[in-house]
Each structure stands twice: as C-alpha cells, then as structure tokens.
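Engineer: Have a look at this one.
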Amino acid sequence: MKKIILIVLILSLSLSFTVGAAEVDFLLDWVPNTNHTGLFVAEELGWFEQKNIDINFIEPGTNMSVEQVVGAGRADFGISFQEWVTPARIQGVPIVSLAAVVQHNSSGFALLEDQNVKTPADLTGLEYGGWGMEIEKAIIKSIVEGSGGDFSEIDFVNIGSGDLLSMLASNKFDFSWIFYAADGIQAEMRDLDLKIFMLEDYQEYVPDYYTPIIISSEKMIAKNPKLVREFMAVVQRGYNYAAANPEKAAEILHKRVPESSLEFLTKSQKWLSPRYQAEADYWGQQKLEVWQEFGDWMAEQGLISEKFEAEKAFTNQFLLNN
C-alpha cells in the first residue's frame, strides 16, 4: 500500500513539473475600463486558471501599436478596433479579429447642449477638437455633408491629452469625439448637458463597425488553435457574466483601477453591459457585411488604397454557439 501511495506521489510531482500553465500575454489598448471588464472578470473568478492559462495583461506604451505588436507575435492577443485592423491588414500585418467586444459603435460627436445645433449639418462653421487622425476627418465629413452641411467650414484643432470634458466645457473647442461609456457617463455625473450625434444613428453616411475587438495573429491561430479556443471560451464566459451582472462586474473591475470611482464604473458598466451582445446570436459574433461595408467606405474615403479581403480579417470559429 505504501509503495502505491509513493508511486502516485511521484507521478503527481512529475506531472506538476512537466505540465506548466500556458503563458499568455494580452496587450490592452488603454488603461483598464469597461470595454475590458469581461477579461478581468475571467481572471478574478479563476476561469483562466481552471484552463491552465497564466494571463498577463499589458498596458500599451507611448506610440505602441497593438496591431504591430500582436502581428509580430510579441503579444498573443490584444484589444484593437476594426478601423485599425482594416488598414493594418492592407499593409500586410497578419492579424485577425476573434470577437467583437461590443456589437455596435458606441461613440459619437459631442458638444454643449446650449449651442444651436440640431443636426450634424449644423456643425458647419464650428471648431472640432481632436487628434489629427484621417479617420476623424473622414467620418465628420461623411455625416456633416450627408446631413447637408459644409465640411470645408469646420476648423480642426489638435487637443493632445487632458480632460476632454473640461476643455469642452471651457470652450476650448466646440465639439469632439467621445465614447459614451467613458465620457458620456462622466458628463452625466458632472451634470454637463451634451448634445451627442451617436454614430450608430448615422449609418446611412458611415457604416457601423466593430469597436473594440479582440485580435490575435495568423501564426498564433495556425500553430496553437487549441489554446486560442480555450482562451476565447474563457473570455466569452467573462463577458457573458459582465453582461448579466453589471454591478458585480464593476466591483471586480474596480479592483484593477481603484483610482476610478466605483460609482462611475458601475454606471458605465450598466450602460455598456446590454450592448456587449445586443441582438447578436452570441457574444463576440461578427458579420461579414459589417467588415465589408466599412472596408468599402474606407476605400471610398481614400483611407485604404488596395482591395480589402474582409473575409480574412475576422473569424467566429473560436466562439461558443457558433
């Protein structure tokens, strides 16, 4: 009997040394926020550990491109956006979108409510505070001209970093691009009345697109599909939990970013949670027409110059219920 016990112990010790956890580096796009909640829920509740995955979350450095880092295999997964993955793939960066974190665009152009602006056409003659990206100008041009305004009469100023809402409130510029789950909720909490033209409401001018998304590299998918599948199953479980339990999920996220108030994170989470899956068949689902139509729009705007193969830019194969 003692021999049997000894053999079992030796085998157990041997396995513990030979079967290590899979180490996974995940590159975020920004500081932890409610776009990331499902990831931190999965970590906090031990679901990565259950799958023998050792997850390492990395915040991006200055001027770091998530797409380039993941494409080069220096990180296994990352948070990106359809508007960045599309041109990156045109440039030969071998990345693939594995899931849409949110089903519809949750951003928009915001200005103070007391301005006499009723439609995007009324942005004509105003000053836009932004970051000097061509995608900004293309989107503004499309919704302003589509609504009957004159894009050429809009002035652009680069605002750099800082408190966007404070700058807006102090009239440093007239309007800017915000994500509602962040700046929109902050504006509510500050009693700052905003007029917001949500991009989701102007799809006749700018097609809907997935922002943010979770990406990996073609090499990772080809060489380790089992790990990718197990990893994404855990991530999907985390986002499903966050969708169903926004208050508990916000508390978990707060442990990651204690500098953010729990009140803000809870309000943001309650707003975003039902939007994770929305009307999709399952969390993370992506559709070819969304990738194709936005790619076509980018080409029309001169943002990409070569044919975009939308069907190669994303996959649903690693998601449950697919």
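A note on labels: chains of the structure tokens are A, B, ... as shown, every chain counts residues from 1, and ligands are counted from 1 in their shown order.
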Give me every helix (DSSP H, G or I) residue in stretch 86-204 of chain A, going by DSSP on the backbone, as JSON, numbers by chain.
Structural biologist: {"A": [86, 87, 88, 89, 90, 120, 121, 122, 123, 134, 135, 136, 137, 138, 139, 140, 141, 142, 143, 144, 145, 146, 151, 152, 153, 164, 165, 166, 167, 168, 169, 180, 181, 182, 183, 184, 185, 186, 187, 188, 189, 199, 200, 201, 202]}
Engineer: Mind running stretch 76-110 of chain A against stretch 127-147 of chain A at 10 Å and telling me each contacting residue's nearest atom pair with the distance in Å (one decimal), counting only C-alpha atoms, chain and number ascending, as a Markdown table?
Structural biologist:
```
| residue | atom | partner | partner_atom | distance |
| --- | --- | --- | --- | --- |
| A:Glu83 | CA | A:Ile135 | CA | 8.0 |
| A:Trp84 | CA | A:Ile135 | CA | 9.5 |
| A:Phe109 | CA | A:Ile140 | CA | 8.6 |
| A:Ala110 | CA | A:Tyr128 | CA | 9.9 |
```
Engineer: Need to verify the contact set: A:Asp191, 12 Å, only C-alpha atoms, exclusion of same-chain residues closer than 4 positions in sequence. Can you return it as a list in words?
Structural biologist: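 The neighbour list is Leu112, Glu113, Leu165, Ala169, Gly184, Ile185, Gln186 and Ala187 of chain A.
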Engineer: Produce a file of the selected residues containing N, CA and C atoms, as an mmCIF file, in the first residue's frame.
Structural biologist:
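Ended up saving to selection.cif:
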```cif
data_model
loop_
_atom_site.group_PDB
_atom_site.id
_atom_site.type_symbol
_atom_site.label_atom_id
_atom_site.label_comp_id
_atom_site.auth_asym_id
_atom_site.auth_seq_id
_atom_site.Cartn_x
_atom_site.Cartn_y
_atom_site.Cartn_z
ATOM 1 N N LEU A 112 -21.739 71.074 -26.372
ATOM 2 C CA LEU A 112 -22.593 71.563 -25.293
ATOM 3 C C LEU A 112 -24.023 71.730 -25.788
ATOM 4 N N GLU A 113 -24.956 71.330 -24.959
ATOM 5 C CA GLU A 113 -26.372 71.332 -25.331
ATOM 6 C C GLU A 113 -26.876 72.732 -25.655
ATOM 7 N N LEU A 165 -13.667 66.700 -21.351
ATOM 8 C CA LEU A 165 -14.914 67.348 -20.962
ATOM 9 C C LEU A 165 -14.675 68.731 -20.374
ATOM 10 N N ALA A 169 -16.176 72.084 -21.865
ATOM 11 C CA ALA A 169 -16.974 72.982 -21.024
ATOM 12 C C ALA A 169 -16.418 74.391 -20.981
ATOM 13 N N GLY A 184 -19.370 60.031 -21.935
ATOM 14 C CA GLY A 184 -20.803 60.292 -21.790
ATOM 15 C C GLY A 184 -21.273 60.111 -20.362
ATOM 16 N N ILE A 185 -20.820 59.036 -19.729
ATOM 17 C CA ILE A 185 -21.189 58.790 -18.333
ATOM 18 C C ILE A 185 -20.571 59.842 -17.420
ATOM 19 N N GLN A 186 -19.309 60.208 -17.685
ATOM 20 C CA GLN A 186 -18.668 61.256 -16.889
ATOM 21 C C GLN A 186 -19.440 62.567 -17.004
ATOM 22 N N ALA A 187 -19.918 62.886 -18.198
ATOM 23 C CA ALA A 187 -20.690 64.115 -18.389
ATOM 24 C C ALA A 187 -21.974 64.086 -17.564
#
```
Engineer: Considering only C-alpha atoms, give me a table of residues in stretch 106-192 of chain A that are at most 12 Å from stretch 30-38 of chain A, with the closest atom pair and distance in Å for each, as a Markdown table.
Structural biologist:
```
| residue | atom | partner | partner_atom | distance |
| --- | --- | --- | --- | --- |
| A:Ser106 | CA | A:Asn35 | CA | 10.7 |
| A:Phe179 | CA | A:Asn35 | CA | 10.5 |
| A:Tyr180 | CA | A:Thr34 | CA | 11.1 |
| A:Ala181 | CA | A:Thr34 | CA | 7.5 |
| A:Ala182 | CA | A:Asn33 | CA | 8.3 |
| A:Asp183 | CA | A:Asn33 | CA | 11.8 |
| A:Ile185 | CA | A:Thr34 | CA | 11.6 |
```
Engineer: Could you turn the residues from that selection into a file that holds all heavy atoms, as a PDB file, in the first residue's frame?
Structural biologist:
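Wrote again19.pdb, looks like this:
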```
ATOM      1  N   SER A 106     -20.275  52.650 -30.220  1.00  0.00           N
ATOM      2  CA  SER A 106     -20.803  53.347 -29.036  1.00  0.00           C
ATOM      3  C   SER A 106     -20.175  54.721 -28.871  1.00  0.00           C
ATOM      4  O   SER A 106     -20.120  55.261 -27.770  1.00  0.00           O
ATOM      5  CB  SER A 106     -20.562  52.508 -27.774  1.00  0.00           C
ATOM      6  OG  SER A 106     -19.168  52.305 -27.565  1.00  0.00           O
ATOM      7  N   PHE A 179     -16.482  58.414 -26.483  1.00  0.00           N
ATOM      8  CA  PHE A 179     -17.099  57.106 -26.272  1.00  0.00           C
ATOM      9  C   PHE A 179     -18.063  57.268 -25.111  1.00  0.00           C
ATOM     10  O   PHE A 179     -17.663  57.708 -24.028  1.00  0.00           O
ATOM     11  CB  PHE A 179     -16.045  56.036 -25.976  1.00  0.00           C
ATOM     12  CG  PHE A 179     -15.362  55.519 -27.209  1.00  0.00           C
ATOM     13  CD1 PHE A 179     -14.216  56.133 -27.690  1.00  0.00           C
ATOM     14  CD2 PHE A 179     -15.874  54.431 -27.898  1.00  0.00           C
ATOM     15  CE1 PHE A 179     -13.594  55.680 -28.849  1.00  0.00           C
ATOM     16  CE2 PHE A 179     -15.270  53.964 -29.053  1.00  0.00           C
ATOM     17  CZ  PHE A 179     -14.120  54.588 -29.520  1.00  0.00           C
ATOM     18  N   TYR A 180     -19.318  56.899 -25.327  1.00  0.00           N
ATOM     19  CA  TYR A 180     -20.335  57.218 -24.326  1.00  0.00           C
ATOM     20  C   TYR A 180     -20.070  56.530 -22.992  1.00  0.00           C
ATOM     21  O   TYR A 180     -20.288  57.126 -21.935  1.00  0.00           O
ATOM     22  CB  TYR A 180     -21.744  56.875 -24.815  1.00  0.00           C
ATOM     23  CG  TYR A 180     -22.778  57.589 -23.970  1.00  0.00           C
ATOM     24  CD1 TYR A 180     -23.227  58.848 -24.343  1.00  0.00           C
ATOM     25  CD2 TYR A 180     -23.247  57.040 -22.781  1.00  0.00           C
ATOM     26  CE1 TYR A 180     -24.131  59.541 -23.547  1.00  0.00           C
ATOM     27  CE2 TYR A 180     -24.142  57.729 -21.981  1.00  0.00           C
ATOM     28  CZ  TYR A 180     -24.577  58.986 -22.362  1.00  0.00           C
ATOM     29  OH  TYR A 180     -25.450  59.675 -21.569  1.00  0.00           O
ATOM     30  N   ALA A 181     -19.598  55.300 -23.024  1.00  0.00           N
ATOM     31  CA  ALA A 181     -19.391  54.556 -21.777  1.00  0.00           C
ATOM     32  C   ALA A 181     -18.331  55.209 -20.893  1.00  0.00           C
ATOM     33  O   ALA A 181     -18.270  54.944 -19.687  1.00  0.00           O
ATOM     34  CB  ALA A 181     -18.987  53.117 -22.073  1.00  0.00           C
ATOM     35  N   ALA A 182     -17.514  56.065 -21.484  1.00  0.00           N
ATOM     36  CA  ALA A 182     -16.498  56.789 -20.704  1.00  0.00           C
ATOM     37  C   ALA A 182     -16.922  58.247 -20.524  1.00  0.00           C
ATOM     38  O   ALA A 182     -17.413  58.641 -19.471  1.00  0.00           O
ATOM     39  CB  ALA A 182     -15.143  56.695 -21.391  1.00  0.00           C
ATOM     40  N   ASP A 183     -16.768  59.050 -21.565  1.00  0.00           N
ATOM     41  CA  ASP A 183     -17.032  60.485 -21.460  1.00  0.00           C
ATOM     42  C   ASP A 183     -18.516  60.808 -21.283  1.00  0.00           C
ATOM     43  O   ASP A 183     -18.866  61.761 -20.579  1.00  0.00           O
ATOM     44  CB  ASP A 183     -16.498  61.204 -22.703  1.00  0.00           C
ATOM     45  CG  ASP A 183     -15.017  60.962 -22.896  1.00  0.00           C
ATOM     46  OD1 ASP A 183     -14.232  61.318 -22.002  1.00  0.00           O
ATOM     47  OD2 ASP A 183     -14.638  60.407 -23.949  1.00  0.00           O
ATOM     48  N   ILE A 185     -20.820  59.036 -19.729  1.00  0.00           N
ATOM     49  CA  ILE A 185     -21.189  58.790 -18.333  1.00  0.00           C
ATOM     50  C   ILE A 185     -20.571  59.842 -17.420  1.00  0.00           C
ATOM     51  O   ILE A 185     -21.218  60.335 -16.489  1.00  0.00           O
ATOM     52  CB  ILE A 185     -20.740  57.375 -17.896  1.00  0.00           C
ATOM     53  CG1 ILE A 185     -21.438  56.308 -18.756  1.00  0.00           C
ATOM     54  CG2 ILE A 185     -21.035  57.154 -16.414  1.00  0.00           C
ATOM     55  CD1 ILE A 185     -22.941  56.294 -18.662  1.00  0.00           C
TER      56      ILE A 185
END
```
Engineer: Compile the contact shell of stretch 40-46 of chain A as number ranges by chain: residues with an atom at most 10 Å away, counting only C-alpha atoms, same-chain residues fewer than 2 positions apart removed.
Structural biologist: A: 32-34, 36-38, 48-57, 234-242, 248-256
Engineer: I need the residues from that last selection saved to file as a tab-separated table (two decimals), in the first residue's frame (with N, CA, C and O atoms), if you can.
Structural biologist:
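So selection10.tsv came out as:
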```
chain	number	residue	atom	x	y	z
A	32	PRO	N	-7.26	49.93	-18.01
A	32	PRO	CA	-8.45	49.09	-17.84
A	32	PRO	C	-9.73	49.93	-17.72
A	32	PRO	O	-9.79	50.90	-16.97
A	33	ASN	N	-10.74	49.51	-18.47
A	33	ASN	CA	-12.04	50.20	-18.46
A	33	ASN	C	-13.13	49.19	-18.78
A	33	ASN	O	-12.87	47.99	-18.92
A	34	THR	N	-14.36	49.66	-18.91
A	34	THR	CA	-15.47	48.73	-19.06
A	34	THR	C	-15.49	48.01	-20.41
A	34	THR	O	-16.25	47.05	-20.57
A	36	HIS	N	-13.05	46.32	-21.14
A	36	HIS	CA	-12.20	45.18	-20.79
A	36	HIS	C	-12.78	44.31	-19.68
A	36	HIS	O	-12.16	43.31	-19.30
A	37	THR	N	-13.94	44.65	-19.16
A	37	THR	CA	-14.43	44.02	-17.93
A	37	THR	C	-14.46	42.51	-18.00
A	37	THR	O	-14.08	41.82	-17.04
A	38	GLY	N	-14.93	41.96	-19.10
A	38	GLY	CA	-15.03	40.50	-19.20
A	38	GLY	C	-13.71	39.80	-18.99
A	38	GLY	O	-13.65	38.70	-18.43
A	48	PHE	N	-9.41	31.52	-16.06
A	48	PHE	CA	-8.18	31.27	-16.82
A	48	PHE	C	-7.36	30.17	-16.15
A	48	PHE	O	-6.85	29.27	-16.82
A	49	GLU	N	-7.28	30.26	-14.84
A	49	GLU	CA	-6.51	29.27	-14.09
A	49	GLU	C	-7.09	27.88	-14.27
A	49	GLU	O	-6.36	26.89	-14.37
A	50	GLN	N	-8.41	27.78	-14.29
A	50	GLN	CA	-9.06	26.48	-14.48
A	50	GLN	C	-8.67	25.84	-15.81
A	50	GLN	O	-8.61	24.62	-15.93
A	51	LYS	N	-8.38	26.67	-16.80
A	51	LYS	CA	-7.97	26.17	-18.11
A	51	LYS	C	-6.44	26.11	-18.24
A	51	LYS	O	-5.92	25.89	-19.33
A	52	ASN	N	-5.76	26.29	-17.10
A	52	ASN	CA	-4.29	26.23	-17.07
A	52	ASN	C	-3.67	27.31	-17.95
A	52	ASN	O	-2.67	27.07	-18.64
A	53	ILE	N	-4.29	28.51	-17.91
A	53	ILE	CA	-3.78	29.65	-18.65
A	53	ILE	C	-3.29	30.70	-17.67
A	53	ILE	O	-4.03	31.14	-16.78
A	54	ASP	N	-2.04	31.11	-17.82
A	54	ASP	CA	-1.44	32.16	-17.00
A	54	ASP	C	-1.49	33.45	-17.80
A	54	ASP	O	-0.67	33.67	-18.68
A	55	ILE	N	-2.46	34.32	-17.46
A	55	ILE	CA	-2.70	35.51	-18.25
A	55	ILE	C	-1.89	36.70	-17.71
A	55	ILE	O	-1.83	36.92	-16.51
A	56	ASN	N	-1.28	37.43	-18.61
A	56	ASN	CA	-0.51	38.62	-18.26
A	56	ASN	C	-1.04	39.80	-19.06
A	56	ASN	O	-0.87	39.86	-20.27
A	57	PHE	N	-1.70	40.73	-18.38
A	57	PHE	CA	-2.24	41.91	-19.05
A	57	PHE	C	-1.20	43.01	-19.11
A	57	PHE	O	-0.54	43.32	-18.12
A	234	VAL	N	-13.01	31.17	-22.31
A	234	VAL	CA	-12.96	31.81	-21.00
A	234	VAL	C	-13.33	33.29	-21.12
A	234	VAL	O	-14.10	33.82	-20.31
A	235	VAL	N	-12.80	33.97	-22.13
A	235	VAL	CA	-13.11	35.38	-22.34
A	235	VAL	C	-14.60	35.58	-22.59
A	235	VAL	O	-15.24	36.48	-22.03
A	236	GLN	N	-15.17	34.72	-23.41
A	236	GLN	CA	-16.60	34.80	-23.70
A	236	GLN	C	-17.42	34.60	-22.43
A	236	GLN	O	-18.40	35.33	-22.19
A	237	ARG	N	-17.00	33.67	-21.60
A	237	ARG	CA	-17.69	33.45	-20.33
A	237	ARG	C	-17.60	34.70	-19.46
A	237	ARG	O	-18.58	35.08	-18.80
A	238	GLY	N	-16.45	35.36	-19.48
A	238	GLY	CA	-16.28	36.58	-18.68
A	238	GLY	C	-17.20	37.69	-19.13
A	238	GLY	O	-17.81	38.39	-18.31
A	239	TYR	N	-17.32	37.88	-20.44
A	239	TYR	CA	-18.19	38.94	-20.94
A	239	TYR	C	-19.67	38.59	-20.74
A	239	TYR	O	-20.49	39.49	-20.50
A	240	ASN	N	-20.02	37.33	-20.84
A	240	ASN	CA	-21.40	36.94	-20.56
A	240	ASN	C	-21.75	37.23	-19.10
A	240	ASN	O	-22.86	37.68	-18.79
A	241	TYR	N	-20.80	36.98	-18.21
A	241	TYR	CA	-21.01	37.29	-16.79
A	241	TYR	C	-21.18	38.79	-16.60
A	241	TYR	O	-22.08	39.25	-15.88
A	242	ALA	N	-20.31	39.59	-17.23
A	242	ALA	CA	-20.37	41.04	-17.09
A	242	ALA	C	-21.68	41.59	-17.64
A	242	ALA	O	-22.24	42.56	-17.12
A	248	LYS	N	-21.72	43.56	-10.04
A	248	LYS	CA	-20.64	42.70	-9.55
A	248	LYS	C	-19.42	42.83	-10.46
A	248	LYS	O	-18.28	42.84	-9.99
A	249	ALA	N	-19.66	42.91	-11.76
A	249	ALA	CA	-18.56	43.05	-12.71
A	249	ALA	C	-17.81	44.36	-12.48
A	249	ALA	O	-16.58	44.41	-12.55
A	250	ALA	N	-18.55	45.43	-12.19
A	250	ALA	CA	-17.92	46.73	-11.94
A	250	ALA	C	-17.05	46.67	-10.68
A	250	ALA	O	-15.98	47.27	-10.63
A	251	GLU	N	-17.50	45.94	-9.69
A	251	GLU	CA	-16.72	45.79	-8.46
A	251	GLU	C	-15.40	45.07	-8.75
A	251	GLU	O	-14.35	45.42	-8.19
A	252	ILE	N	-15.46	44.08	-9.62
A	252	ILE	CA	-14.24	43.35	-9.99
A	252	ILE	C	-13.30	44.27	-10.76
A	252	ILE	O	-12.09	44.31	-10.50
A	253	LEU	N	-13.84	45.04	-11.70
A	253	LEU	CA	-13.02	45.97	-12.47
A	253	LEU	C	-12.39	47.02	-11.56
A	253	LEU	O	-11.24	47.43	-11.75
A	254	HIS	N	-13.13	47.44	-10.54
A	254	HIS	CA	-12.65	48.46	-9.61
A	254	HIS	C	-11.38	48.02	-8.89
A	254	HIS	O	-10.51	48.85	-8.57
A	255	LYS	N	-11.24	46.74	-8.66
A	255	LYS	CA	-10.01	46.24	-8.05
A	255	LYS	C	-8.80	46.49	-8.93
A	255	LYS	O	-7.69	46.66	-8.43
A	256	ARG	N	-9.03	46.51	-10.23
A	256	ARG	CA	-7.96	46.75	-11.20
A	256	ARG	C	-7.62	48.23	-11.32
A	256	ARG	O	-6.47	48.61	-11.56
```
Engineer: Quick check, in Å to one decimal: how far apart do atom CA of A:Pro87 and atom CA of A:Asp155 lie?
Structural biologist: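 Interatomic distance, atom CA of A:Pro87 to atom CA of A:Asp155: 26.0 Å.
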Engineer: Smallest atom-to-atom distance to A:Thr315: which of A:Asp201, A:Glu279, A:Glu218, A:Asp76, using only C-alpha atoms?
Structural biologist: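 The closest residue to A:Thr315 is A:Glu218.
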Engineer: In terms of the shortest atom-to-atom distance over only C-alpha atoms, which of A:Tyr276, A:Trp47, A:Phe308, A:Phe173 is closest to A:Ile90?
Structural biologist: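 The answer is A:Phe308, which sits nearest to A:Ile90.
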